[in-house]
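Visitor: Have a look at this one.
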Amino acid sequence: MSTHTVRIALPTHLRRLARVDGEVLVHVGTPATLGAVLDALEASHPVLRGAIRDHATLRRRPFVRFFACEEDLSHEPAGTPLPARVATGAEPLLVVGAMAGG
Amino acid sequence: MAGVRVLVGTRKGAFLLTADGARREWTVHGPLFAGWEVYHLAGSPMDPDRIWAAPSSGWFGQQMHRSDDGGATWNPVGNEFRYAGVPGTHQWYDGTQHPWEFARVWHLEPSLTDPDLLYAGVEDAALFRSADAGATWQELPGLREHGSGPSWQPGAGGLCLHTVLLDPTDPQRIYAAVSAAGAFRSDDGAVSWQAINKGLVSEGIPDADAEVGHCVHKLAMHPSRPEVLYMQKHWDVMRSDDAGASWYDIGDGLPSDFGFPIAVHAHEPDTVYVVPITSDSEHFPPDGRLRVYRSRAGGREWEPLTAGLPQENCYVNVLRDAMAVDELDACGLYVGTTGGQVYASADAGDTWAPIVRDLPAVLSVEVQTLP
């Protein structure tokens, strides 16, 4: 099975939580889906479990967004293949805290 | 030399304020968990180096962190709070039934005897327990399922379990309080629970003396006399002399009996403190004067404590977990405000001075008395 190296750009709070600088790289099989990338991210950084998706349902938290290639992937099912430029590592998957007050 | 460590949770992080026993010169450490709402921190009575913090965020949910070196370093522990079984529903603001959903941890209560054991009160109201120092959490569902749960409805701040009191003389006896449901007691280690709200009268509910539905804001007890409980309710300051079986009003003499926190002197079980707030819609002190009120007679009479506290143009609030007492010989008292000030008194409230003035809004204040 071929693998993809996917770049993930986390927001500041989650970078601090995961104690990482810059992007996180994860390795997933084909096709590289949003769900597989998040599974791999949480496996390599367990502290992020519950911070992006609900622990039990794995639903995206309401004020977290997934952007890539100038598209909003937030509402895509977990099994949706990521854009080719993300799957090839040309562009990162952006995990974003939604614009909201506080 | 003995000292204190004040644990301050704020809307945008946590701060640790330390001083020696004189409590005049303070060191401020923080912000920890910058940008996160820290509803509460608590230290183990068995091991003062062990502290838990419960940061949460509207974006990224609940975190739980533990320090084993007095707050110098922190590591994440378990943050999964899953209700036992199918949790069912409670009343929503519009009277419909609403699924029980975890929102955040409001309060941490470490065991008095076991440094690995602690309780967490959460929103939507439930009691959780960790026996492995926070690595994993299990709900104690007896409270939520004791019978009245479907009739509980959230107060303005949410359906929160904000108070857990442990009886130091009886490890099976635990108290909890929920806004807006009331006070509850278990005599069998949190397996079964009973509502303990007899004597409470709340004008804001259809049946003013109902068994449940009261917006209890905080409970306090002195460890040497655990059958005596003090309560700050939405309105009314109350006392029970029979472990909550019945309550009577002790609010006469206060400029307002609305407020949030209530605390008992570390060495005098009849000395109790409240912070009167104008009303349920005017969450600031009466007349713009921040006064802590002290009763040295178990609530029979009250005196205002004002020296060093702002006595004009003060319109901050003091939230339910934002008052604490230390256990030094000269009992210290600490109050945090929504204006970001933390005031300290090293003489049981007679005189006050600010430790810090410009923190984010203070959500909680706890204090550890260090050897």
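Convention: chains lettered A, B, ... in structure tokens order; per-chain residue numbering from 1; ligands numbered from 1 as shown.
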What are the closest atom pairs, with distances in Å to one decimal, for each residue of chain A lying within 10 Å of chain B, using only C-alpha atoms, rows by chain and rising residue number, as CSV?
Guide:
residue,atom,partner,partner_atom,distance
A:Thr12,CA,B:Gly35,CA,10.0
A:His13,CA,B:Gly35,CA,7.8
A:Leu14,CA,B:Phe60,CA,8.1
A:Arg16,CA,B:Phe33,CA,9.0
A:Leu17,CA,B:Pro76,CA,8.3
A:Ala18,CA,B:Pro76,CA,9.7
A:Pro46,CA,B:Pro76,CA,9.7
A:Val47,CA,B:Pro76,CA,6.8
A:Leu48,CA,B:Phe60,CA,8.9
A:Arg49,CA,B:Asn79,CA,8.4
A:Gly50,CA,B:Gly61,CA,6.8
A:Ala51,CA,B:Phe60,CA,4.4
A:Ile52,CA,B:Phe60,CA,6.1
A:Arg53,CA,B:Phe60,CA,8.6
A:Asp54,CA,B:Gly61,CA,8.7
A:His55,CA,B:Glu80,CA,6.7
A:Ala56,CA,B:Arg82,CA,8.1
A:Arg61,CA,B:Phe60,CA,7.2
A:Pro62,CA,B:Trp59,CA,7.4
A:Phe63,CA,B:Trp59,CA,4.9
A:Val64,CA,B:Trp59,CA,6.2
A:Arg65,CA,B:Trp59,CA,9.7
A:Val96,CA,B:Trp59,CA,9.3
A:Gly97,CA,B:Trp59,CA,6.0
A:Ala98,CA,B:Trp59,CA,7.4
A:Met99,CA,B:Trp59,CA,9.6
A:Ala100,CA,B:Trp59,CA,8.8
A:Gly101,CA,B:Gly58,CA,9.5
A:Gly102,CA,B:Gly58,CA,8.4
Visitor: Those residues with C-alpha atoms, as an mmCIF file, in the first residue's frame please?
Guide:
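What landed in result.cif:
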data_model
loop_
_atom_site.group_PDB
_atom_site.id
_atom_site.type_symbol
_atom_site.label_atom_id
_atom_site.label_comp_id
_atom_site.auth_asym_id
_atom_site.auth_seq_id
_atom_site.Cartn_x
_atom_site.Cartn_y
_atom_site.Cartn_z
ATOM 1 C CA THR A 12 -1.315 28.107 18.110
ATOM 2 C CA HIS A 13 -3.170 26.596 21.051
ATOM 3 C CA LEU A 14 -2.979 23.095 19.630
ATOM 4 C CA ARG A 16 1.423 24.436 22.296
ATOM 5 C CA LEU A 17 -0.690 21.574 23.566
ATOM 6 C CA ALA A 18 1.092 19.086 21.303
ATOM 7 C CA PRO A 46 -2.710 11.745 21.871
ATOM 8 C CA VAL A 47 -3.074 15.029 23.741
ATOM 9 C CA LEU A 48 -5.065 16.295 20.753
ATOM 10 C CA ARG A 49 -7.794 13.685 21.250
ATOM 11 C CA GLY A 50 -10.969 15.521 22.085
ATOM 12 C CA ALA A 51 -9.536 18.898 21.064
ATOM 13 C CA ILE A 52 -10.390 18.655 17.351
ATOM 14 C CA ARG A 53 -13.039 15.927 17.324
ATOM 15 C CA ASP A 54 -15.357 14.596 19.984
ATOM 16 C CA HIS A 55 -13.805 11.639 21.806
ATOM 17 C CA ALA A 56 -16.720 9.315 21.263
ATOM 18 C CA ARG A 61 -15.894 20.235 17.311
ATOM 19 C CA PRO A 62 -18.263 23.047 16.324
ATOM 20 C CA PHE A 63 -15.653 25.830 16.321
ATOM 21 C CA VAL A 64 -12.912 23.928 14.507
ATOM 22 C CA ARG A 65 -12.551 24.205 10.741
ATOM 23 C CA VAL A 96 -8.286 26.373 12.210
ATOM 24 C CA GLY A 97 -10.084 27.768 15.213
ATOM 25 C CA ALA A 98 -13.222 29.338 13.767
ATOM 26 C CA MET A 99 -13.504 33.097 13.845
ATOM 27 C CA ALA A 100 -15.517 33.632 16.998
ATOM 28 C CA GLY A 101 -15.414 35.965 19.939
ATOM 29 C CA GLY A 102 -13.843 35.352 23.295
#
Visitor: Could you pull out the alpha helix (DSSP H) residues of chain A, going by DSSP on the backbone, and write them as a PyMOL selection string?
Guide: chain A and resi 12-18+34-44+84-87
Visitor: Go ahead and save the picked residues with N, CA and C atoms, as a PDB file, in the first residue's frame.
Guide:
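See out01.pdb below for the written result:
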ATOM      1  N   THR A  12      -2.294  27.903  17.038  1.00  0.00           N
ATOM      2  CA  THR A  12      -1.315  28.107  18.110  1.00  0.00           C
ATOM      3  C   THR A  12      -1.613  27.273  19.345  1.00  0.00           C
ATOM      4  N   HIS A  13      -2.856  27.294  19.800  1.00  0.00           N
ATOM      5  CA  HIS A  13      -3.170  26.596  21.051  1.00  0.00           C
ATOM      6  C   HIS A  13      -2.908  25.098  20.929  1.00  0.00           C
ATOM      7  N   LEU A  14      -3.192  24.537  19.775  1.00  0.00           N
ATOM      8  CA  LEU A  14      -2.979  23.095  19.630  1.00  0.00           C
ATOM      9  C   LEU A  14      -1.504  22.779  19.411  1.00  0.00           C
ATOM     10  N   ARG A  15      -0.757  23.685  18.794  1.00  0.00           N
ATOM     11  CA  ARG A  15       0.705  23.467  18.703  1.00  0.00           C
ATOM     12  C   ARG A  15       1.319  23.457  20.093  1.00  0.00           C
ATOM     13  N   ARG A  16       0.891  24.412  20.924  1.00  0.00           N
ATOM     14  CA  ARG A  16       1.423  24.436  22.296  1.00  0.00           C
ATOM     15  C   ARG A  16       1.041  23.162  23.044  1.00  0.00           C
ATOM     16  N   LEU A  17      -0.206  22.762  22.869  1.00  0.00           N
ATOM     17  CA  LEU A  17      -0.690  21.574  23.566  1.00  0.00           C
ATOM     18  C   LEU A  17       0.115  20.345  23.131  1.00  0.00           C
ATOM     19  N   ALA A  18       0.360  20.241  21.840  1.00  0.00           N
ATOM     20  CA  ALA A  18       1.092  19.086  21.303  1.00  0.00           C
ATOM     21  C   ALA A  18       2.611  19.264  21.416  1.00  0.00           C
ATOM     22  N   LEU A  34      -9.530  12.747   5.010  1.00  0.00           N
ATOM     23  CA  LEU A  34      -9.518  13.636   6.177  1.00  0.00           C
ATOM     24  C   LEU A  34      -9.536  12.819   7.459  1.00  0.00           C
ATOM     25  N   GLY A  35     -10.389  11.801   7.503  1.00  0.00           N
ATOM     26  CA  GLY A  35     -10.491  10.992   8.706  1.00  0.00           C
ATOM     27  C   GLY A  35      -9.203  10.269   9.014  1.00  0.00           C
ATOM     28  N   ALA A  36      -8.556   9.713   7.987  1.00  0.00           N
ATOM     29  CA  ALA A  36      -7.308   8.980   8.216  1.00  0.00           C
ATOM     30  C   ALA A  36      -6.207   9.918   8.709  1.00  0.00           C
ATOM     31  N   VAL A  37      -6.182  11.125   8.169  1.00  0.00           N
ATOM     32  CA  VAL A  37      -5.171  12.093   8.595  1.00  0.00           C
ATOM     33  C   VAL A  37      -5.385  12.487  10.056  1.00  0.00           C
ATOM     34  N   LEU A  38      -6.643  12.703  10.434  1.00  0.00           N
ATOM     35  CA  LEU A  38      -6.922  13.064  11.838  1.00  0.00           C
ATOM     36  C   LEU A  38      -6.642  11.879  12.757  1.00  0.00           C
ATOM     37  N   ASP A  39      -6.960  10.674  12.289  1.00  0.00           N
ATOM     38  CA  ASP A  39      -6.627   9.486  13.099  1.00  0.00           C
ATOM     39  C   ASP A  39      -5.118   9.435  13.343  1.00  0.00           C
ATOM     40  N   ALA A  40      -4.347   9.660  12.287  1.00  0.00           N
ATOM     41  CA  ALA A  40      -2.886   9.580  12.411  1.00  0.00           C
ATOM     42  C   ALA A  40      -2.353  10.696  13.300  1.00  0.00           C
ATOM     43  N   LEU A  41      -2.949  11.871  13.175  1.00  0.00           N
ATOM     44  CA  LEU A  41      -2.516  12.998  14.017  1.00  0.00           C
ATOM     45  C   LEU A  41      -2.764  12.681  15.494  1.00  0.00           C
ATOM     46  N   GLU A  42      -3.952  12.158  15.802  1.00  0.00           N
ATOM     47  CA  GLU A  42      -4.270  11.856  17.201  1.00  0.00           C
ATOM     48  C   GLU A  42      -3.455  10.676  17.722  1.00  0.00           C
ATOM     49  N   ALA A  43      -3.085   9.761  16.820  1.00  0.00           N
ATOM     50  CA  ALA A  43      -2.251   8.638  17.257  1.00  0.00           C
ATOM     51  C   ALA A  43      -0.841   9.107  17.614  1.00  0.00           C
ATOM     52  N   SER A  44      -0.326  10.045  16.829  1.00  0.00           N
ATOM     53  CA  SER A  44       1.039  10.516  17.111  1.00  0.00           C
ATOM     54  C   SER A  44       1.055  11.576  18.211  1.00  0.00           C
ATOM     55  N   ALA A  84      -5.520  16.526  -4.057  1.00  0.00           N
ATOM     56  CA  ALA A  84      -4.256  15.903  -4.456  1.00  0.00           C
ATOM     57  C   ALA A  84      -3.052  16.678  -3.920  1.00  0.00           C
ATOM     58  N   ARG A  85      -3.139  18.000  -3.906  1.00  0.00           N
ATOM     59  CA  ARG A  85      -1.982  18.775  -3.473  1.00  0.00           C
ATOM     60  C   ARG A  85      -1.717  18.603  -1.976  1.00  0.00           C
ATOM     61  N   VAL A  86      -2.762  18.234  -1.213  1.00  0.00           N
ATOM     62  CA  VAL A  86      -2.552  17.927   0.212  1.00  0.00           C
ATOM     63  C   VAL A  86      -1.996  16.507   0.343  1.00  0.00           C
ATOM     64  N   ALA A  87      -2.557  15.596  -0.434  1.00  0.00           N
ATOM     65  CA  ALA A  87      -2.115  14.200  -0.354  1.00  0.00           C
ATOM     66  C   ALA A  87      -0.660  14.046  -0.772  1.00  0.00           C
TER      67      ALA A  87
END
Visitor: Name all residues at most 8 Å from stretch 148-150 of chain B (count only C-alpha atoms; drop same-chain ones fewer than 6 positions away) and give them as a ChimeraX atom specification.
Guide: /B:88-91,97,212
Visitor: Under the rule that only C-alpha atoms are counted, which of A:Thr33, A:Ser2, A:His45, A:His27 is the nearest residue to A:Gly79?
Guide: A:Thr33
Visitor: DSSP on the backbone, then: every residue of chain A marked strand (DSSP E or B), written as a ChimeraX atom specification.
Guide: /A:3-9,24-29,33,53,60,64-68,71-72,81,93-97
Visitor: To one decimal place, how far is atom CA of B:Asp20 from atom CA of B:Ser345 in Å?
Guide: 13.4 Å
Visitor: If we count only C-alpha atoms, what is near stretch 234-236 of chain B at a cut-off of 12 Å, once residues fewer than 4 positions away on the same chain are taken out, given as a VMD selection string?
Guide: chain B and resid 155 to 157 178 to 182 199 to 205 213 to 219 230 247 to 262 274 276 to 281 283 299 319 to 320
Visitor: Calculate how many Å separate atom CA of A:Glu70 from atom CA of A:Leu25, rounding to one decimal.
Guide: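 Separating atom CA of A:Glu70 from atom CA of A:Leu25 is a distance of 19.8 Å.
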